[in-house]
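Structure first, commentary second.
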Amino acid sequence: MYKYSFLNDYSEGAHPRILEALTRTNMLQEAGYGEDQFSLEAVRLIRKLIERPDADIHLISGGTQTNLTALSAMLRPYESIIAVDSAHICVHETGAIEATGHKINLAAGENGKISAPAIEEVVIAHGDEHMVSPRVVFISQSTELGTIYSKQELKDIAAICKKYNLYLYLDGARLGSGLTSESSDINIKELAALVDVFYIGGTKNGALLGEALVINHPQIKPRFRYFLKQRGALLSKGRILGVQFTELFKDGLYFELARHANQMAQKLTHEITSLGFGFQTNSPSNQIFPIFPNQVIESLNKEYRFYTWSKIDADHTSVRLVTSWATPPEAIDRFISDLAKLA
């Protein structure tokens, strides 16, 4: 029996308020396929939050399905996606995008982030009909390495996308953590104004399941529900998603949960640093990547769950520790106490 799992931020079920709301509304009869009162209210709340009344918003069950559905809808058969080499769609989605016949053009990044010059380099390299034509830039906030884009970095990326007529798509599986990070200088309204399509992740921030896809670009909006249906993303019981997102956004619960996850991660970071250990990346979000001696990792693995990440040298490896909306401070204290004994 493990003392605690730092594997991910979706090991727990859901915030009690969400379970209570699902129970309270359970016996009400509602329309299907996202046309129930709860889904419509969730859409209204999100539009108000981002101050974009013209945005199309679709509630979808999970992140990979959201990425697959949205990206395939944006692309013609010969078009491709530009993404940093560590991006989720490149590494952890089992080739879902490639399975639709679309190539991902990889760009080297720094700490999990792609830059405007790297995007431009890929575009210039694909100059004729003998190659795929880049059409979408894929980024995530926070990134796979726990880092976040600054407002200026996002502005630079948006500008290069406009220059080359590219769609800008943002994977927001951990958007709550990214936006509430102490290092963040951008809010959700400002972010929504910069990207063509993004999603607000619920699965990794207190919901049972679900992501809210926000479409701003007018060329992507028409008949998008056809893409949802074809990809198995148009749920007959869409109310399950609607109830959850209404609960998350009616009074700021979404950001409250994300802030807690970040605070627990920063507590871990501070304590691990005080013990003399370094980190693979400077992560201000709820994913951190400390570097430990291999013998320490072997001992910790007997009592805690986490991913071993990257080999640093013959004797040291980075691990990934993820905190969640439900991580108790006591779990951090126990982990640090056990780590201190090994150190």
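For the structure tokens, the naming scheme is as follows: chains receive sequential letters (A, B, ...) according to their order of presentation, residues are indexed from 1 within each chain, and ligands are indexed from 1 in presentation order.
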
How close does segment 40-118 of chain A get to segment 245-251 of chain A? List, as a tab-separated table, each residue of segment 40-118 of chain A within 10 Å, its nearest atom pair and the distance in Å to one decimal, counting only C-alpha atoms.
```
residue	atom	partner	partner_atom	distance
A:Leu40	CA	A:Thr246	CA	9.0
A:Glu41	CA	A:Thr246	CA	6.4
A:Ala42	CA	A:Thr246	CA	4.5
A:Val43	CA	A:Thr246	CA	8.2
A:Arg44	CA	A:Thr246	CA	9.1
A:Leu45	CA	A:Phe249	CA	6.5
A:Ile46	CA	A:Phe249	CA	7.2
A:Leu49	CA	A:Phe249	CA	8.4
A:Leu59	CA	A:Phe245	CA	8.6
```

Grab the residues selected above and save them as a compact mmCIF listing (two decimals), in the first residue's frame with C-alpha atoms.
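part_31.txt, written as the output of this step:
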```txt
# COMPACT_ATOMS: atom_id res chain seq x y z
CA LEU A 40 -26.33 25.74 -22.12
CA GLU A 41 -25.68 27.43 -18.78
CA ALA A 42 -22.06 26.25 -18.77
CA VAL A 43 -21.62 27.74 -22.25
CA ARG A 44 -23.14 31.03 -21.06
CA LEU A 45 -20.84 31.18 -18.03
CA ILE A 46 -17.70 30.50 -20.06
CA LEU A 49 -15.84 34.73 -18.33
CA LEU A 59 -18.22 20.08 -24.01
```

query = Which is closest to Thr143 of chain A among A:Leu175, A:Pro77, A:Leu339, A:Glu93, if we use only C-alpha atoms?
reply =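 Counting only C-alpha atoms, the residue closest to Thr143 of chain A is A:Leu175.
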
Go through segment 149-199 of chain A and flag each residue having an atom no more than 8 Å from segment 203-226 of chain A; for those, report the closest pair of atoms plus their distance in Å to one decimal, using only C-alpha atoms, ordered by chain and rising number, as a Markdown table.
```
| residue | atom | partner | partner_atom | distance |
| --- | --- | --- | --- | --- |
| A:Ala173 | CA | A:Lys204 | CA | 6.6 |
| A:Arg174 | CA | A:Lys204 | CA | 6.4 |
| A:Gly176 | CA | A:Asn205 | CA | 7.1 |
| A:Ala192 | CA | A:Asn216 | CA | 7.9 |
| A:Val195 | CA | A:Asn216 | CA | 7.6 |
| A:Asp196 | CA | A:His217 | CA | 5.0 |
| A:Val197 | CA | A:Ile215 | CA | 4.6 |
| A:Phe198 | CA | A:Val214 | CA | 5.4 |
| A:Tyr199 | CA | A:Leu213 | CA | 4.2 |
```

request  = Give me the residues within 9 Å of segment 237-239 of chain A as a PyMOL selection string, counting only C-alpha atoms and dropping any in the same chain fewer than 6 places off.
outcome  = chain A and resi 30-39+59-60

message = So that I can check the surroundings of Ala159 of chain A, please list as a PyMOL selection string every protein, DNA and RNA residue that reaches within 12 Å of it, counting only C-alpha atoms and ignoring chain neighbours fewer than 2 positions away.
response = chain A and resi 115-117+119-120+137+152-157+161-168+194-195

May I have the residues from that selection written out with N, CA and C atoms, as a PDB file, in the first residue's frame?
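Result saved to out.pdb:
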```
ATOM      1  N   SER A 115       8.868  28.391 -29.934  1.00  0.00           N
ATOM      2  CA  SER A 115       9.048  29.828 -30.114  1.00  0.00           C
ATOM      3  C   SER A 115       8.566  30.258 -31.493  1.00  0.00           C
ATOM      4  N   ALA A 116       8.310  31.544 -31.644  1.00  0.00           N
ATOM      5  CA  ALA A 116       7.884  32.084 -32.932  1.00  0.00           C
ATOM      6  C   ALA A 116       8.931  31.834 -34.028  1.00  0.00           C
ATOM      7  N   PRO A 117      10.242  32.060 -33.776  1.00  0.00           N
ATOM      8  CA  PRO A 117      11.233  31.757 -34.816  1.00  0.00           C
ATOM      9  C   PRO A 117      11.249  30.284 -35.231  1.00  0.00           C
ATOM     10  N   ILE A 119       8.695  28.273 -35.260  1.00  0.00           N
ATOM     11  CA  ILE A 119       7.517  28.083 -36.114  1.00  0.00           C
ATOM     12  C   ILE A 119       7.802  28.591 -37.520  1.00  0.00           C
ATOM     13  N   GLU A 120       8.377  29.771 -37.601  1.00  0.00           N
ATOM     14  CA  GLU A 120       8.669  30.358 -38.917  1.00  0.00           C
ATOM     15  C   GLU A 120       9.637  29.489 -39.706  1.00  0.00           C
ATOM     16  N   VAL A 137      -0.686  25.617 -35.506  1.00  0.00           N
ATOM     17  CA  VAL A 137       0.349  25.570 -34.473  1.00  0.00           C
ATOM     18  C   VAL A 137      -0.302  25.088 -33.182  1.00  0.00           C
ATOM     19  N   GLN A 152       3.786  37.780 -23.506  1.00  0.00           N
ATOM     20  CA  GLN A 152       4.551  38.217 -24.674  1.00  0.00           C
ATOM     21  C   GLN A 152       4.884  37.046 -25.589  1.00  0.00           C
ATOM     22  N   GLU A 153       5.227  35.905 -25.015  1.00  0.00           N
ATOM     23  CA  GLU A 153       5.508  34.731 -25.843  1.00  0.00           C
ATOM     24  C   GLU A 153       4.274  34.333 -26.647  1.00  0.00           C
ATOM     25  N   LEU A 154       3.108  34.369 -26.011  1.00  0.00           N
ATOM     26  CA  LEU A 154       1.878  34.036 -26.728  1.00  0.00           C
ATOM     27  C   LEU A 154       1.562  35.072 -27.798  1.00  0.00           C
ATOM     28  N   LYS A 155       1.816  36.328 -27.515  1.00  0.00           N
ATOM     29  CA  LYS A 155       1.610  37.373 -28.525  1.00  0.00           C
ATOM     30  C   LYS A 155       2.530  37.162 -29.724  1.00  0.00           C
ATOM     31  N   ASP A 156       3.777  36.806 -29.466  1.00  0.00           N
ATOM     32  CA  ASP A 156       4.730  36.561 -30.557  1.00  0.00           C
ATOM     33  C   ASP A 156       4.297  35.378 -31.413  1.00  0.00           C
ATOM     34  N   ILE A 157       3.831  34.324 -30.757  1.00  0.00           N
ATOM     35  CA  ILE A 157       3.370  33.141 -31.499  1.00  0.00           C
ATOM     36  C   ILE A 157       2.117  33.478 -32.298  1.00  0.00           C
ATOM     37  N   CYS A 161       1.638  33.353 -36.423  1.00  0.00           N
ATOM     38  CA  CYS A 161       0.531  32.589 -37.011  1.00  0.00           C
ATOM     39  C   CYS A 161      -0.270  33.462 -37.983  1.00  0.00           C
ATOM     40  N   LYS A 162      -0.534  34.694 -37.597  1.00  0.00           N
ATOM     41  CA  LYS A 162      -1.263  35.603 -38.487  1.00  0.00           C
ATOM     42  C   LYS A 162      -0.450  35.904 -39.740  1.00  0.00           C
ATOM     43  N   LYS A 163       0.861  36.060 -39.569  1.00  0.00           N
ATOM     44  CA  LYS A 163       1.735  36.353 -40.709  1.00  0.00           C
ATOM     45  C   LYS A 163       1.642  35.266 -41.768  1.00  0.00           C
ATOM     46  N   TYR A 164       1.559  34.011 -41.344  1.00  0.00           N
ATOM     47  CA  TYR A 164       1.575  32.891 -42.293  1.00  0.00           C
ATOM     48  C   TYR A 164       0.212  32.211 -42.420  1.00  0.00           C
ATOM     49  N   ASN A 165      -0.826  32.859 -41.932  1.00  0.00           N
ATOM     50  CA  ASN A 165      -2.190  32.331 -42.052  1.00  0.00           C
ATOM     51  C   ASN A 165      -2.315  30.940 -41.447  1.00  0.00           C
ATOM     52  N   LEU A 166      -1.826  30.810 -40.207  1.00  0.00           N
ATOM     53  CA  LEU A 166      -1.906  29.556 -39.468  1.00  0.00           C
ATOM     54  C   LEU A 166      -2.935  29.696 -38.350  1.00  0.00           C
ATOM     55  N   TYR A 167      -3.651  28.616 -38.072  1.00  0.00           N
ATOM     56  CA  TYR A 167      -4.497  28.587 -36.884  1.00  0.00           C
ATOM     57  C   TYR A 167      -3.612  28.377 -35.650  1.00  0.00           C
ATOM     58  N   LEU A 168      -3.981  29.002 -34.546  1.00  0.00           N
ATOM     59  CA  LEU A 168      -3.287  28.781 -33.277  1.00  0.00           C
ATOM     60  C   LEU A 168      -4.233  28.036 -32.336  1.00  0.00           C
ATOM     61  N   LEU A 194      -6.140  35.781 -28.005  1.00  0.00           N
ATOM     62  CA  LEU A 194      -4.940  35.528 -28.790  1.00  0.00           C
ATOM     63  C   LEU A 194      -4.999  34.253 -29.622  1.00  0.00           C
ATOM     64  N   VAL A 195      -5.824  33.286 -29.221  1.00  0.00           N
ATOM     65  CA  VAL A 195      -5.816  31.979 -29.889  1.00  0.00           C
ATOM     66  C   VAL A 195      -7.116  31.764 -30.664  1.00  0.00           C
TER      67      VAL A 195
END
```

request  = Go through A:Ile104, A:Ala158, A:Ile200, A:Leu300 one by one, measure the shortest atom-to-atom distance of each to Val91 of chain A using only C-alpha atoms, and give the residue with the smallest value.
outcome  = A:Ile104

task = May I have the residues within 9 Å of Ser324 of chain A as a PyMOL selection string, using only C-alpha atoms and disregarding those fewer than 2 positions away in the same chain?
result = chain A and resi 6+8-12+204-206+257-258+260-262+264-265+286+322+326-328
